[in-house]
There are 2 protein chains.
Amino acid sequence: MSFNILYLHLDYTRRKMFSKACKYAINAMIYVATLPEGQERAGLKEISKAINSPEAFTAKILQELVRHDLFSSVKGPNGGFHIQGNPNKIFLSEIVEAIDGDMLFTGCALGLEKCSEDHPCPVHHKFLAIRDHLTGMLMTTSLRDVADRVNIGISFLKY
Amino acid sequence: MSFNILYLHLDYTRRKMFSKACKYAINAMIYVATLPEGQERAGLKEISKAINSPEAFTAKILQELVRHDLFSSVKGPNGGFHIQGNPNKIFLSEIVEAIDGDMLFTGCALGLEKCSEDHPCPVHHKFLAIRDHLTGMLMTTSLRDVADRVNIGISFLKY
DNA sequence: ATATTAAAGGACAAAAATATCCTTTAATCT
DNA sequence: AGATTAAAGGATATTTTTGTCCTTTAATAT
C-alpha cells in the first residue's frame, strides 16, 4: 500500500516551515485569545476540539507553553488554560521560539556550524532578507491581531 | 545526561527551514557545480567529504536527485555524479522540491487542510508575502550563482 | 472532609527522519 | 573474459517527532 515509497523511504516530500507541535501551539493560543471577556479560559478538551488536534499530544504542548509563561493553567473544575499577559503584547515569534526554538531565525539554512558574515554558506546573503522578513513578521504579529480575524469571521482555525 | 530534557522529550528546539536531506542535496549540487571544466564529475566519497555529510545517507539522497534528473550518474571506475543540464538553469527551488516537496511553498503555515483565500487560516495573509519572497528567491537563485561564490572564495560548503 | 474535575507528569508506542551496512548491478581497465 | 571500481538498491538500526495511556497532583464543589 505504498505507491510513492517504491523508491526508498526517503519520500518525506511534505516538509513544512513549522513542526506540528508548533502549529498546535499557535492555534491553541489563537483560540484562547478569541474567547470573550469574562470567560477567557479554556480546558484541554475544548481547545483540542476547537483546533482539531490530538488531545494527549496537545496536552504536552500546552504544558510547555505554561512553562514558557505564555499560558497559565488552573487545575480542577472550571480549570483550564488562559493567556498569561496581554494578547496585544504576545507575538507569534514567542510561541514559535518556545516550541521550535530559534534556529529558524538564527540557524544557517544549509546547516553550516559556524555560518556568519565572515564565513558564510553559499546562500547566506540570499537568506538574510528572507529571515528578516519572516522574523519581522512574526515579531510584529500579535495574538490579538490574528485572534480578531477569527472573531470577525474572516479566518479559521480548522479544516 | 540530559539537562534540558528534564521536561519531556518535547525539546526539539532546533527546527530548521529545510530537512537535513535537503541541505545535503543542495550542498552536494553546489559542490559539483564548483568543479572545473573537464572534470565536472565527482564520486560519493568526494562529495560527502567536501560537504561534510554522512556518506551512506548522502548516497540515498544523490540517488533521489538522479531520479529527479538533477544529477546523472555513471558507475564503475571514474564514475560518479554530474549535473544534468546547465547549472545556470537549475534553481535551488528544484532541489528543495525534489527532496522536501513543495509544502514549504504551497502548504498552510498552520496546517489547515483547505487553507485558501476563501477559507484562510489566521496567518494566511501574513505568510503570503513571506512565501512569495522565499520561493521567488529560490526560483531565481541558480546553482551557478552560488557555486561561483564558493569558487571565488567568498562562501563555504563546510564548518 | 470527601468526591469530582482537570492539569501535570511519567511511561510507553508509532511514525517519520536520519543513518549504516551489505549485496547487486553496471561501468571501466587489464 | 575477468578483475576492479563505484553507483543502485535492499534491509536494518537509531534518533527524533508525534502520539497515547495511565497515575499523580491540585484545584473546586458538595
# chains A, B, ... in the order shown; residues from 1 in each chain; ligands from 1
>>> closest_atom_pairs(of="chain C", to="chain A", cutoff="9 Å", atoms="only C-alpha atoms (C1' of nucleotides)", output="JSON lines")
{"residue": "C:DT4", "atom": "C1'", "partner": "A:Pro77", "partner_atom": "CA", "distance": 7.8}
{"residue": "C:DT5", "atom": "C1'", "partner": "A:Pro77", "partner_atom": "CA", "distance": 4.5}
{"residue": "C:DA6", "atom": "C1'", "partner": "A:Gly76", "partner_atom": "CA", "distance": 4.6}
{"residue": "C:DA7", "atom": "C1'", "partner": "A:Lys75", "partner_atom": "CA", "distance": 5.1}
{"residue": "C:DA8", "atom": "C1'", "partner": "A:Gln63", "partner_atom": "CA", "distance": 7.6}
{"residue": "C:DA16", "atom": "C1'", "partner": "A:Tyr12", "partner_atom": "CA", "distance": 7.9}
{"residue": "C:DA17", "atom": "C1'", "partner": "A:Tyr12", "partner_atom": "CA", "distance": 8.2}
>>> write_last_selection(atoms="all heavy atoms", output="compact mmCIF listing (two decimals), in the first residue's frame")
# COMPACT_ATOMS: atom_id res chain seq x y z
P DT C 4 -17.71 11.08 43.10
OP1 DT C 4 -19.05 10.71 42.56
OP2 DT C 4 -16.62 10.09 43.14
O5' DT C 4 -17.23 12.38 42.33
C5' DT C 4 -18.00 13.57 42.43
C4' DT C 4 -17.30 14.68 41.67
O4' DT C 4 -16.13 15.10 42.41
C3' DT C 4 -16.81 14.28 40.27
O3' DT C 4 -17.22 15.27 39.36
C2' DT C 4 -15.29 14.23 40.43
C1' DT C 4 -15.07 15.30 41.50
N1 DT C 4 -13.81 15.21 42.27
C2 DT C 4 -13.08 16.36 42.45
O2 DT C 4 -13.40 17.44 42.00
N3 DT C 4 -11.92 16.19 43.18
C4 DT C 4 -11.46 15.00 43.74
O4 DT C 4 -10.41 14.98 44.38
C5 DT C 4 -12.28 13.85 43.50
C7 DT C 4 -11.87 12.51 44.04
C6 DT C 4 -13.42 14.00 42.78
P DT C 5 -17.19 15.01 37.77
OP1 DT C 5 -18.49 15.42 37.21
OP2 DT C 5 -16.63 13.67 37.51
O5' DT C 5 -16.11 16.10 37.31
C5' DT C 5 -16.23 17.46 37.75
C4' DT C 5 -14.90 18.14 37.56
O4' DT C 5 -13.97 17.64 38.56
C3' DT C 5 -14.25 17.87 36.20
O3' DT C 5 -14.09 19.09 35.53
C2' DT C 5 -12.90 17.22 36.54
C1' DT C 5 -12.69 17.61 37.99
N1 DT C 5 -11.89 16.67 38.82
C2 DT C 5 -10.84 17.16 39.54
O2 DT C 5 -10.52 18.33 39.54
N3 DT C 5 -10.16 16.23 40.27
C4 DT C 5 -10.42 14.87 40.36
O4 DT C 5 -9.74 14.14 41.05
C5 DT C 5 -11.54 14.41 39.56
C7 DT C 5 -11.90 12.96 39.57
C6 DT C 5 -12.22 15.32 38.84
P DA C 6 -13.81 19.12 33.93
OP1 DA C 6 -14.56 20.26 33.37
OP2 DA C 6 -13.99 17.76 33.39
O5' DA C 6 -12.26 19.46 33.90
C5' DA C 6 -11.78 20.67 34.50
C4' DA C 6 -10.29 20.61 34.60
O4' DA C 6 -9.93 19.67 35.65
C3' DA C 6 -9.58 20.11 33.33
O3' DA C 6 -8.47 20.94 33.08
C2' DA C 6 -9.14 18.72 33.69
C1' DA C 6 -8.86 18.89 35.18
N9 DA C 6 -8.82 17.63 35.89
C8 DA C 6 -9.63 16.53 35.72
N7 DA C 6 -9.34 15.52 36.50
C5 DA C 6 -8.26 15.97 37.24
C6 DA C 6 -7.48 15.37 38.24
N6 DA C 6 -7.67 14.13 38.69
N1 DA C 6 -6.48 16.11 38.77
C2 DA C 6 -6.27 17.34 38.32
N3 DA C 6 -6.94 18.02 37.39
C4 DA C 6 -7.93 17.27 36.88
P DA C 7 -7.69 20.93 31.72
OP1 DA C 7 -8.05 22.15 31.00
OP2 DA C 7 -7.81 19.61 31.07
O5' DA C 7 -6.20 21.10 32.25
C5' DA C 7 -5.90 22.22 33.08
C4' DA C 7 -4.70 21.89 33.95
O4' DA C 7 -4.99 20.70 34.72
C3' DA C 7 -3.41 21.60 33.18
O3' DA C 7 -2.33 22.22 33.83
C2' DA C 7 -3.31 20.07 33.21
C1' DA C 7 -3.95 19.77 34.56
N9 DA C 7 -4.55 18.43 34.62
C8 DA C 7 -5.59 17.95 33.89
N7 DA C 7 -5.92 16.71 34.16
C5 DA C 7 -5.02 16.35 35.14
C6 DA C 7 -4.84 15.15 35.86
N6 DA C 7 -5.58 14.05 35.68
N1 DA C 7 -3.85 15.11 36.79
C2 DA C 7 -3.10 16.22 36.96
N3 DA C 7 -3.17 17.41 36.36
C4 DA C 7 -4.17 17.39 35.45
P DA C 8 -0.84 22.02 33.34
OP1 DA C 8 -0.05 23.21 33.73
OP2 DA C 8 -0.92 21.60 31.93
O5' DA C 8 -0.34 20.78 34.22
C5' DA C 8 -0.11 20.97 35.61
C4' DA C 8 0.88 19.92 36.11
O4' DA C 8 0.22 18.62 36.14
C3' DA C 8 2.13 19.74 35.25
O3' DA C 8 3.23 19.57 36.14
C2' DA C 8 1.83 18.49 34.41
C1' DA C 8 0.92 17.69 35.34
N9 DA C 8 -0.11 16.89 34.66
C8 DA C 8 -0.95 17.29 33.64
N7 DA C 8 -1.80 16.35 33.26
C5 DA C 8 -1.51 15.28 34.08
C6 DA C 8 -2.07 13.98 34.19
N6 DA C 8 -3.07 13.55 33.42
N1 DA C 8 -1.55 13.16 35.12
C2 DA C 8 -0.54 13.60 35.89
N3 DA C 8 0.07 14.80 35.89
C4 DA C 8 -0.48 15.59 34.95
P DA C 16 4.30 8.14 8.88
OP1 DA C 16 3.25 8.93 8.20
OP2 DA C 16 4.70 6.81 8.35
O5' DA C 16 5.61 9.04 9.00
C5' DA C 16 5.56 10.23 9.75
C4' DA C 16 6.96 10.78 9.90
O4' DA C 16 7.70 9.95 10.82
C3' DA C 16 7.76 10.81 8.59
O3' DA C 16 8.34 12.09 8.49
C2' DA C 16 8.80 9.70 8.77
C1' DA C 16 8.98 9.70 10.28
N9 DA C 16 9.42 8.44 10.87
C8 DA C 16 8.92 7.19 10.65
N7 DA C 16 9.51 6.25 11.36
C5 DA C 16 10.47 6.94 12.10
C6 DA C 16 11.42 6.53 13.04
N6 DA C 16 11.59 5.27 13.42
N1 DA C 16 12.20 7.48 13.59
C2 DA C 16 12.03 8.76 13.21
N3 DA C 16 11.18 9.27 12.34
C4 DA C 16 10.41 8.30 11.81
P DA C 17 9.29 12.51 7.27
OP1 DA C 17 8.95 13.89 6.93
OP2 DA C 17 9.26 11.44 6.24
O5' DA C 17 10.71 12.49 7.96
C5' DA C 17 10.93 13.26 9.13
C4' DA C 17 12.37 13.13 9.58
O4' DA C 17 12.57 11.80 10.11
C3' DA C 17 13.42 13.32 8.48
O3' DA C 17 14.42 14.17 9.02
C2' DA C 17 13.92 11.90 8.20
C1' DA C 17 13.71 11.21 9.55
N9 DA C 17 13.40 9.79 9.48
C8 DA C 17 12.50 9.17 8.66
N7 DA C 17 12.41 7.87 8.87
C5 DA C 17 13.31 7.64 9.89
C6 DA C 17 13.68 6.46 10.57
N6 DA C 17 13.17 5.24 10.30
N1 DA C 17 14.60 6.58 11.54
C2 DA C 17 15.10 7.79 11.83
N3 DA C 17 14.84 8.96 11.26
C4 DA C 17 13.92 8.80 10.29
>>> interface_residues(of="chain A", to="chain B", cutoff="8 Å", atoms="only C-alpha atoms", output="count of residues only")
53
>>> closest_residue(among="B:Leu35, B:Ala42, B:Ile83, B:Ala28", to="Thr58 (chain B)", atoms="only C-alpha atoms")
B:Ala28
>>> select_by_dssp(residues="region 21-146 of chain A", states="alpha helix (DSSP H)", output="number ranges by chain")
A: 21-34, 44-51, 55-67, 92-100, 103-106, 124-140, 143-146
>>> select_by_dssp(residues="region 5-126 of chain B", states="strand (DSSP E or B)", output="PyMOL selection string")
chain B and resi 42+71-74+80-83+91
>>> write_last_selection(atoms="C-alpha atoms", output="compact mmCIF listing (two decimals), in the first residue's frame")
# COMPACT_ATOMS: atom_id res chain seq x y z
CA ALA B 42 32.54 13.61 -8.56
CA PHE B 71 22.13 14.65 -11.32
CA SER B 72 23.12 11.92 -13.69
CA SER B 73 25.37 9.14 -12.55
CA VAL B 74 27.95 6.81 -14.03
CA GLY B 80 30.27 9.50 -10.10
CA PHE B 81 27.71 12.21 -10.36
CA HIS B 82 27.48 15.18 -12.62
CA ILE B 83 24.90 17.85 -13.02
CA PHE B 91 17.49 26.65 -9.45
>>> closest_atom_pairs(of="chain D", to="chain A", cutoff="10 Å", atoms="only C-alpha atoms (C1' of nucleotides)", output="Markdown table")
| residue | atom | partner | partner_atom | distance |
| --- | --- | --- | --- | --- |
| D:DG9 | C1' | A:Leu8 | CA | 8.7 |
| D:DG10 | C1' | A:Leu8 | CA | 9.0 |
| D:DT17 | C1' | A:Ser19 | CA | 8.6 |
| D:DT18 | C1' | A:Phe57 | CA | 7.6 |
| D:DG19 | C1' | A:Phe57 | CA | 5.8 |
| D:DT20 | C1' | A:Ala56 | CA | 6.6 |
| D:DC21 | C1' | A:Ala56 | CA | 8.8 |
| D:DT25 | C1' | A:Lys75 | CA | 9.1 |
| D:DA26 | C1' | A:Lys75 | CA | 6.2 |
| D:DA27 | C1' | A:Gly76 | CA | 4.2 |
| D:DT28 | C1' | A:Pro77 | CA | 5.4 |
| D:DA29 | C1' | A:Pro77 | CA | 8.1 |
